[in-house]
Each structure stands twice: as C-alpha cells, then as structure tokens.
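What's in entry-v1.cif: mmCIF, C-alpha atoms and all ligand atoms
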data_data
#
loop_
_atom_site.group_PDB
_atom_site.id
_atom_site.type_symbol
_atom_site.label_atom_id
_atom_site.label_comp_id
_atom_site.auth_asym_id
_atom_site.auth_seq_id
_atom_site.Cartn_x
_atom_site.Cartn_y
_atom_site.Cartn_z
ATOM 1 C CA MET T 1 -112.584 125.690 12.675
ATOM 2 C CA CYS T 2 -113.512 128.808 10.730
ATOM 3 C CA ASP T 3 -112.609 132.338 11.714
ATOM 4 C CA GLU T 4 -115.132 134.239 13.771
ATOM 5 C CA ARG T 5 -115.903 137.838 14.529
ATOM 6 C CA VAL T 6 -117.907 139.642 17.177
ATOM 7 C CA LEU T 7 -121.296 140.716 15.876
ATOM 8 C CA CYS T 8 -122.417 142.709 18.926
ATOM 9 C CA GLU T 9 -122.788 142.620 22.684
ATOM 10 C CA LEU T 10 -125.638 140.452 23.927
ATOM 11 C CA ASP T 11 -126.869 143.476 25.886
ATOM 12 C CA ASP T 12 -127.215 145.420 22.625
ATOM 13 C CA LEU T 13 -130.092 143.124 21.681
ATOM 14 C CA PRO T 14 -133.527 143.702 23.238
ATOM 15 C CA ASP T 15 -134.747 140.543 24.958
ATOM 16 C CA GLY T 16 -137.774 139.303 23.002
ATOM 17 C CA GLY T 17 -137.041 141.737 20.193
ATOM 18 C CA SER T 18 -135.122 141.979 16.955
ATOM 19 C CA ARG T 19 -132.414 144.065 15.370
ATOM 20 C CA GLY T 20 -130.971 144.506 11.929
ATOM 21 C CA LEU T 21 -127.172 144.427 11.888
ATOM 22 C CA LEU T 22 -124.277 144.622 9.419
ATOM 23 C CA ARG T 23 -125.527 147.543 7.393
ATOM 24 C CA GLU T 24 -124.538 147.565 3.759
ATOM 25 C CA GLY T 25 -125.858 150.515 1.796
ATOM 26 C CA LEU T 26 -129.466 151.006 2.860
ATOM 27 C CA ASP T 27 -129.987 147.480 4.132
ATOM 28 C CA ASP T 28 -128.984 145.454 7.152
ATOM 29 C CA LYS T 29 -127.606 142.117 6.033
ATOM 30 C CA LEU T 30 -128.663 140.286 9.184
ATOM 31 C CA CYS T 31 -131.878 139.777 11.112
ATOM 32 C CA VAL T 32 -131.036 139.063 14.759
ATOM 33 C CA VAL T 33 -133.587 137.899 17.331
ATOM 34 C CA ARG T 34 -132.887 137.458 21.024
ATOM 35 C CA GLN T 35 -134.912 135.277 23.354
ATOM 36 C CA GLY T 36 -133.402 135.361 26.824
ATOM 37 C CA GLY T 37 -129.906 133.908 26.616
ATOM 38 C CA GLU T 38 -130.398 132.637 23.064
ATOM 39 C CA VAL T 39 -129.723 134.535 19.860
ATOM 40 C CA PHE T 40 -130.965 133.562 16.389
ATOM 41 C CA VAL T 41 -129.222 135.108 13.396
ATOM 42 C CA TRP T 42 -130.595 134.946 9.848
ATOM 43 C CA LEU T 43 -129.634 136.532 6.579
ATOM 44 C CA ASN T 44 -132.040 139.395 6.004
ATOM 45 C CA ASP T 45 -133.098 137.837 2.749
ATOM 46 C CA CYS T 46 -136.638 136.616 2.241
ATOM 47 C CA PRO T 47 -136.670 133.430 0.130
ATOM 48 C CA HIS T 48 -139.754 134.692 -1.719
ATOM 49 C CA GLU T 49 -138.204 137.560 -3.706
ATOM 50 C CA HIS T 50 -134.826 137.950 -1.986
ATOM 51 C CA ARG T 51 -135.699 141.235 -0.340
ATOM 52 C CA PRO T 52 -134.991 142.587 3.143
ATOM 53 C CA MET T 53 -137.822 141.666 5.496
ATOM 54 C CA GLU T 54 -138.270 144.418 8.101
ATOM 55 C CA TYR T 55 -141.035 147.021 7.868
ATOM 56 C CA ARG T 56 -138.788 149.613 9.431
ATOM 57 C CA GLN T 57 -135.404 149.546 11.037
ATOM 58 C CA ASP T 58 -135.007 146.667 13.501
ATOM 59 C CA ARG T 59 -138.670 145.591 13.155
ATOM 60 C CA PHE T 60 -138.731 141.984 11.977
ATOM 61 C CA LEU T 61 -141.263 140.424 14.337
ATOM 62 C CA SER T 62 -144.991 139.913 14.361
ATOM 63 C CA GLY T 63 -147.016 142.091 16.733
ATOM 64 C CA ASP T 64 -146.917 139.389 19.403
ATOM 65 C CA GLY T 65 -143.163 138.885 18.939
ATOM 66 C CA GLN T 66 -143.613 135.184 18.211
ATOM 67 C CA HIS T 67 -142.535 135.061 14.551
ATOM 68 C CA ILE T 68 -140.357 136.749 11.988
ATOM 69 C CA VAL T 69 -142.508 138.417 9.345
ATOM 70 C CA CYS T 70 -141.458 139.604 5.911
ATOM 71 C CA TYR T 71 -143.488 142.712 5.440
ATOM 72 C CA ALA T 72 -143.314 142.698 1.653
ATOM 73 C CA HIS T 73 -145.921 139.936 1.272
ATOM 74 C CA SER T 74 -146.419 138.738 4.844
ATOM 75 C CA ALA T 75 -144.385 135.524 4.872
ATOM 76 C CA HIS T 76 -144.180 134.175 8.436
ATOM 77 C CA PHE T 77 -141.100 132.361 9.727
ATOM 78 C CA ASP T 78 -140.334 130.364 12.842
ATOM 79 C CA ILE T 79 -137.739 132.298 14.866
ATOM 80 C CA ARG T 80 -135.786 129.167 15.863
ATOM 81 C CA THR T 81 -135.777 127.202 12.611
ATOM 82 C CA GLY T 82 -136.298 129.886 9.964
ATOM 83 C CA TYR T 83 -139.028 127.729 8.447
ATOM 84 C CA CYS T 84 -141.689 129.632 6.508
ATOM 85 C CA PHE T 85 -145.067 128.341 7.671
ATOM 86 C CA ALA T 86 -147.343 130.918 6.039
ATOM 87 C CA GLY T 87 -147.180 133.194 3.028
ATOM 88 C CA PRO T 88 -145.938 132.958 -0.548
ATOM 89 C CA CYS T 89 -142.761 130.984 0.262
ATOM 90 C CA THR T 90 -144.332 128.439 2.624
ATOM 91 C CA GLY T 91 -142.039 125.438 3.032
ATOM 92 C CA GLN T 92 -138.828 127.380 2.390
ATOM 93 C CA HIS T 93 -136.279 128.554 4.972
ATOM 94 C CA LEU T 94 -134.328 131.633 5.891
ATOM 95 C CA THR T 95 -130.557 131.196 5.678
ATOM 96 C CA LYS T 96 -129.081 130.602 9.120
ATOM 97 C CA VAL T 97 -125.940 132.296 10.360
ATOM 98 C CA PRO T 98 -124.451 130.167 13.154
ATOM 99 C CA ALA T 99 -124.006 132.259 16.271
ATOM 100 C CA ARG T 100 -122.685 131.612 19.752
ATOM 101 C CA ILE T 101 -122.450 133.681 22.902
ATOM 102 C CA GLU T 102 -119.287 133.940 24.956
ATOM 103 C CA ASN T 103 -118.469 136.455 27.672
ATOM 104 C CA GLY T 104 -121.494 138.558 26.788
ATOM 105 C CA LYS T 105 -120.566 138.826 23.127
ATOM 106 C CA VAL T 106 -122.329 137.341 20.097
ATOM 107 C CA TRP T 107 -119.927 135.626 17.703
ATOM 108 C CA ILE T 108 -120.607 134.728 14.086
ATOM 109 C CA PRO T 109 -118.417 133.269 11.335
ATOM 110 C CA ALA T 110 -116.142 135.802 9.675
ATOM 111 C CA GLU T 111 -117.665 134.794 6.348
ATOM 112 C CA LEU T 112 -121.426 134.839 5.999
ATOM 113 C CA PRO T 113 -123.233 131.971 4.292
ATOM 114 C CA SER T 114 -124.210 132.557 0.702
ATOM 115 C CA ILE T 115 -127.881 132.576 -0.224
ATOM 116 C CA PHE T 116 -126.898 130.275 -3.072
ATOM 117 C CA ASP T 117 -125.399 127.506 -0.892
HETATM 118 S S1 LIG O 1 -140.408 139.170 -0.457
HETATM 119 FE FE1 LIG O 1 -140.872 138.340 1.511
HETATM 120 S S2 LIG O 1 -142.894 137.632 1.358
HETATM 121 FE FE2 LIG O 1 -142.452 138.414 -0.622
#
The structure given in the file should be rewritten as structure tokens.
Ligand code: FES
Amino acid sequence: MCDERVLCELDDLPDGGSRGLLREGLDDKLCVVRQGGEVFVWLNDCPHEHRPMEYRQDRFLSGDGQHIVCYAHSAHFDIRTGYCFAGPCTGQHLTKVPARIENGKVWIPAELPSIFD
C-alpha cells in the first residue's frame, strides 16, 4: 500500500462545484470535483496541449456543472471517467488521481501519477 496524504477537508469542497488544489507557481496541479459524498480528482493537465484547464481560479466546470471543460480550446470531459467526449482531444482521458474519503478528509497518494505513465 502506498503512502497517502490529506488533500483537504471534504467540507472545503463546494458540493456540485470544483476547486483547484496543490498550487505550484501560478498553477494548481489538481482539478477536484465534488458531487455529494463523492470526490473526483484529476491532474490539471489537458491532454490536448498539456495546459491547465480552468478559466479562472477554481472554475473547471461547464455552466450547468455537468462536465469538466478545458477553456483553452473547449475540450469537454466526463467528471467521473475523465473521458474527453468533445473538443480537440476527443477520445483521450484526463489523468486520474485516486482519492478516498475518511473521517471528513480527502486522501490522495503521497506521490501523484505522472502524465507520462
Ligand atoms: S489545451 Fe485543453 S482543449 Fe486545448
């Protein structure tokens, strides 16, 4: 079993919304989406041109909150699977960061997946 670390409190995440976390320089390394008691964590790395996806801080979702959108060229991703179903990288996936919730905290692996895995 790999080492884990606490990413944030579940209550820090807006239900039905998104947040960018793990800031490095000007960018947040992670895109985090909460839906009720579930949390989906993705590397903030669009497979199209390997750029951050949000249009401003913490804003990763479509207007209806149903999809992740990369605002550079409007790639649309399924929140649960990371699958790109529309846009220039259709058929590709975001890179998943496994996350689990325990005692109100969101846990992720101590080491993030590489985009080159
Ligand atoms: S960099 Fe994301 S759609 Fe082009």
Residues within 9 Å of (-123.1, 131.9, 24.5), counting all atoms listed in the file, listed as a PDB file with C-alpha atoms, in the frame of the given file:
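Result written to selection_4.pdb:
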ATOM      1  CA  LEU T  10    -125.638 140.452  23.927  1.00  0.00           C
ATOM      2  CA  GLY T  37    -129.906 133.908  26.616  1.00  0.00           C
ATOM      3  CA  GLU T  38    -130.398 132.637  23.064  1.00  0.00           C
ATOM      4  CA  VAL T  39    -129.723 134.535  19.860  1.00  0.00           C
ATOM      5  CA  ALA T  99    -124.006 132.259  16.271  1.00  0.00           C
ATOM      6  CA  ARG T 100    -122.685 131.612  19.752  1.00  0.00           C
ATOM      7  CA  ILE T 101    -122.450 133.681  22.902  1.00  0.00           C
ATOM      8  CA  GLU T 102    -119.287 133.940  24.956  1.00  0.00           C
ATOM      9  CA  ASN T 103    -118.469 136.455  27.672  1.00  0.00           C
ATOM     10  CA  GLY T 104    -121.494 138.558  26.788  1.00  0.00           C
ATOM     11  CA  LYS T 105    -120.566 138.826  23.127  1.00  0.00           C
ATOM     12  CA  VAL T 106    -122.329 137.341  20.097  1.00  0.00           C
ATOM     13  CA  TRP T 107    -119.927 135.626  17.703  1.00  0.00           C
TER      14      TRP T 107
END
Query raised in the report: Which polymer residues have any atom within 10 Å of an atom of Phe40 of chain T, counting all atoms listed in the file, with same-chain residues fewer than 6 positions away left out, as a list in words?
Result: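 Here the answer would be Ser18, Cys31, Val32, Val33, Arg34, Ile79, Arg80, Thr81, Gly82, Lys96, Val97, Pro98, Ala99 and Arg100 of chain T.
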Would you mind exporting C-alpha atoms of the selected residues as a short mmCIF file (atom, residue, chain, number, x, y, z; two decimals), in the frame of the given file?
data_model
loop_
_atom_site.label_atom_id
_atom_site.label_comp_id
_atom_site.auth_asym_id
_atom_site.auth_seq_id
_atom_site.Cartn_x
_atom_site.Cartn_y
_atom_site.Cartn_z
CA SER T 18 -135.12 141.98 16.95
CA CYS T 31 -131.88 139.78 11.11
CA VAL T 32 -131.04 139.06 14.76
CA VAL T 33 -133.59 137.90 17.33
CA ARG T 34 -132.89 137.46 21.02
CA ILE T 79 -137.74 132.30 14.87
CA ARG T 80 -135.79 129.17 15.86
CA THR T 81 -135.78 127.20 12.61
CA GLY T 82 -136.30 129.89 9.96
CA LYS T 96 -129.08 130.60 9.12
CA VAL T 97 -125.94 132.30 10.36
CA PRO T 98 -124.45 130.17 13.15
CA ALA T 99 -124.01 132.26 16.27
CA ARG T 100 -122.68 131.61 19.75
#
Run through the PyMOL selection byres (((not hetatm)) within 12 of (chain O and resi 1)) on the given coordinates and return the selected residues as a short mmCIF file (atom, residue, chain, number, x, y, z; two decimals) with C-alpha atoms, keeping the file's coordinate frame.
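Printed below is part-v1.cif as written:
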data_model
loop_
_atom_site.label_atom_id
_atom_site.label_comp_id
_atom_site.auth_asym_id
_atom_site.auth_seq_id
_atom_site.Cartn_x
_atom_site.Cartn_y
_atom_site.Cartn_z
CA ASN T 44 -132.04 139.40 6.00
CA ASP T 45 -133.10 137.84 2.75
CA CYS T 46 -136.64 136.62 2.24
CA PRO T 47 -136.67 133.43 0.13
CA HIS T 48 -139.75 134.69 -1.72
CA GLU T 49 -138.20 137.56 -3.71
CA HIS T 50 -134.83 137.95 -1.99
CA ARG T 51 -135.70 141.24 -0.34
CA PRO T 52 -134.99 142.59 3.14
CA MET T 53 -137.82 141.67 5.50
CA GLU T 54 -138.27 144.42 8.10
CA TYR T 55 -141.04 147.02 7.87
CA PHE T 60 -138.73 141.98 11.98
CA ILE T 68 -140.36 136.75 11.99
CA VAL T 69 -142.51 138.42 9.35
CA CYS T 70 -141.46 139.60 5.91
CA TYR T 71 -143.49 142.71 5.44
CA ALA T 72 -143.31 142.70 1.65
CA HIS T 73 -145.92 139.94 1.27
CA SER T 74 -146.42 138.74 4.84
CA ALA T 75 -144.38 135.52 4.87
CA HIS T 76 -144.18 134.18 8.44
CA PHE T 77 -141.10 132.36 9.73
CA CYS T 84 -141.69 129.63 6.51
CA PHE T 85 -145.07 128.34 7.67
CA ALA T 86 -147.34 130.92 6.04
CA GLY T 87 -147.18 133.19 3.03
CA PRO T 88 -145.94 132.96 -0.55
CA CYS T 89 -142.76 130.98 0.26
CA THR T 90 -144.33 128.44 2.62
CA GLN T 92 -138.83 127.38 2.39
CA HIS T 93 -136.28 128.55 4.97
CA LEU T 94 -134.33 131.63 5.89
#
Asp3 of chain T surroundings by all atoms listed in the file, 12 Å radius, close-in-sequence under 5 positions cut, as a short mmCIF file (atom, residue, chain, number, x, y, z; two decimals) with C-alpha atoms, keeping the file's coordinate frame:
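This is the output file around_38.cif:
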data_model
loop_
_atom_site.label_atom_id
_atom_site.label_comp_id
_atom_site.auth_asym_id
_atom_site.auth_seq_id
_atom_site.Cartn_x
_atom_site.Cartn_y
_atom_site.Cartn_z
CA TRP T 107 -119.93 135.63 17.70
CA ILE T 108 -120.61 134.73 14.09
CA PRO T 109 -118.42 133.27 11.34
CA ALA T 110 -116.14 135.80 9.68
CA GLU T 111 -117.66 134.79 6.35
CA LEU T 112 -121.43 134.84 6.00
#
Report task. Would you kindly translate the PyMOL selection byres (((chain T and resi 21) around 10) and not hetatm) into the concrete residues it picks from this file, as a PyMOL selection string? Result -> chain T and resi 7-8+18-20+22-24+27-32+41+43-44+57-58
Query - d(atom CA of Gln66 of chain T, atom CA of Asp15 of chain T) in Å - result: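 One can read the atom CA of Gln66 of chain T to atom CA of Asp15 of chain T distance as 12.4 Å.
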Query - Point-to-point distance from atom CA of Ser114 of chain T to atom CA of Asp11 of chain T, Å rounded to tenths - result: 27.6 Å
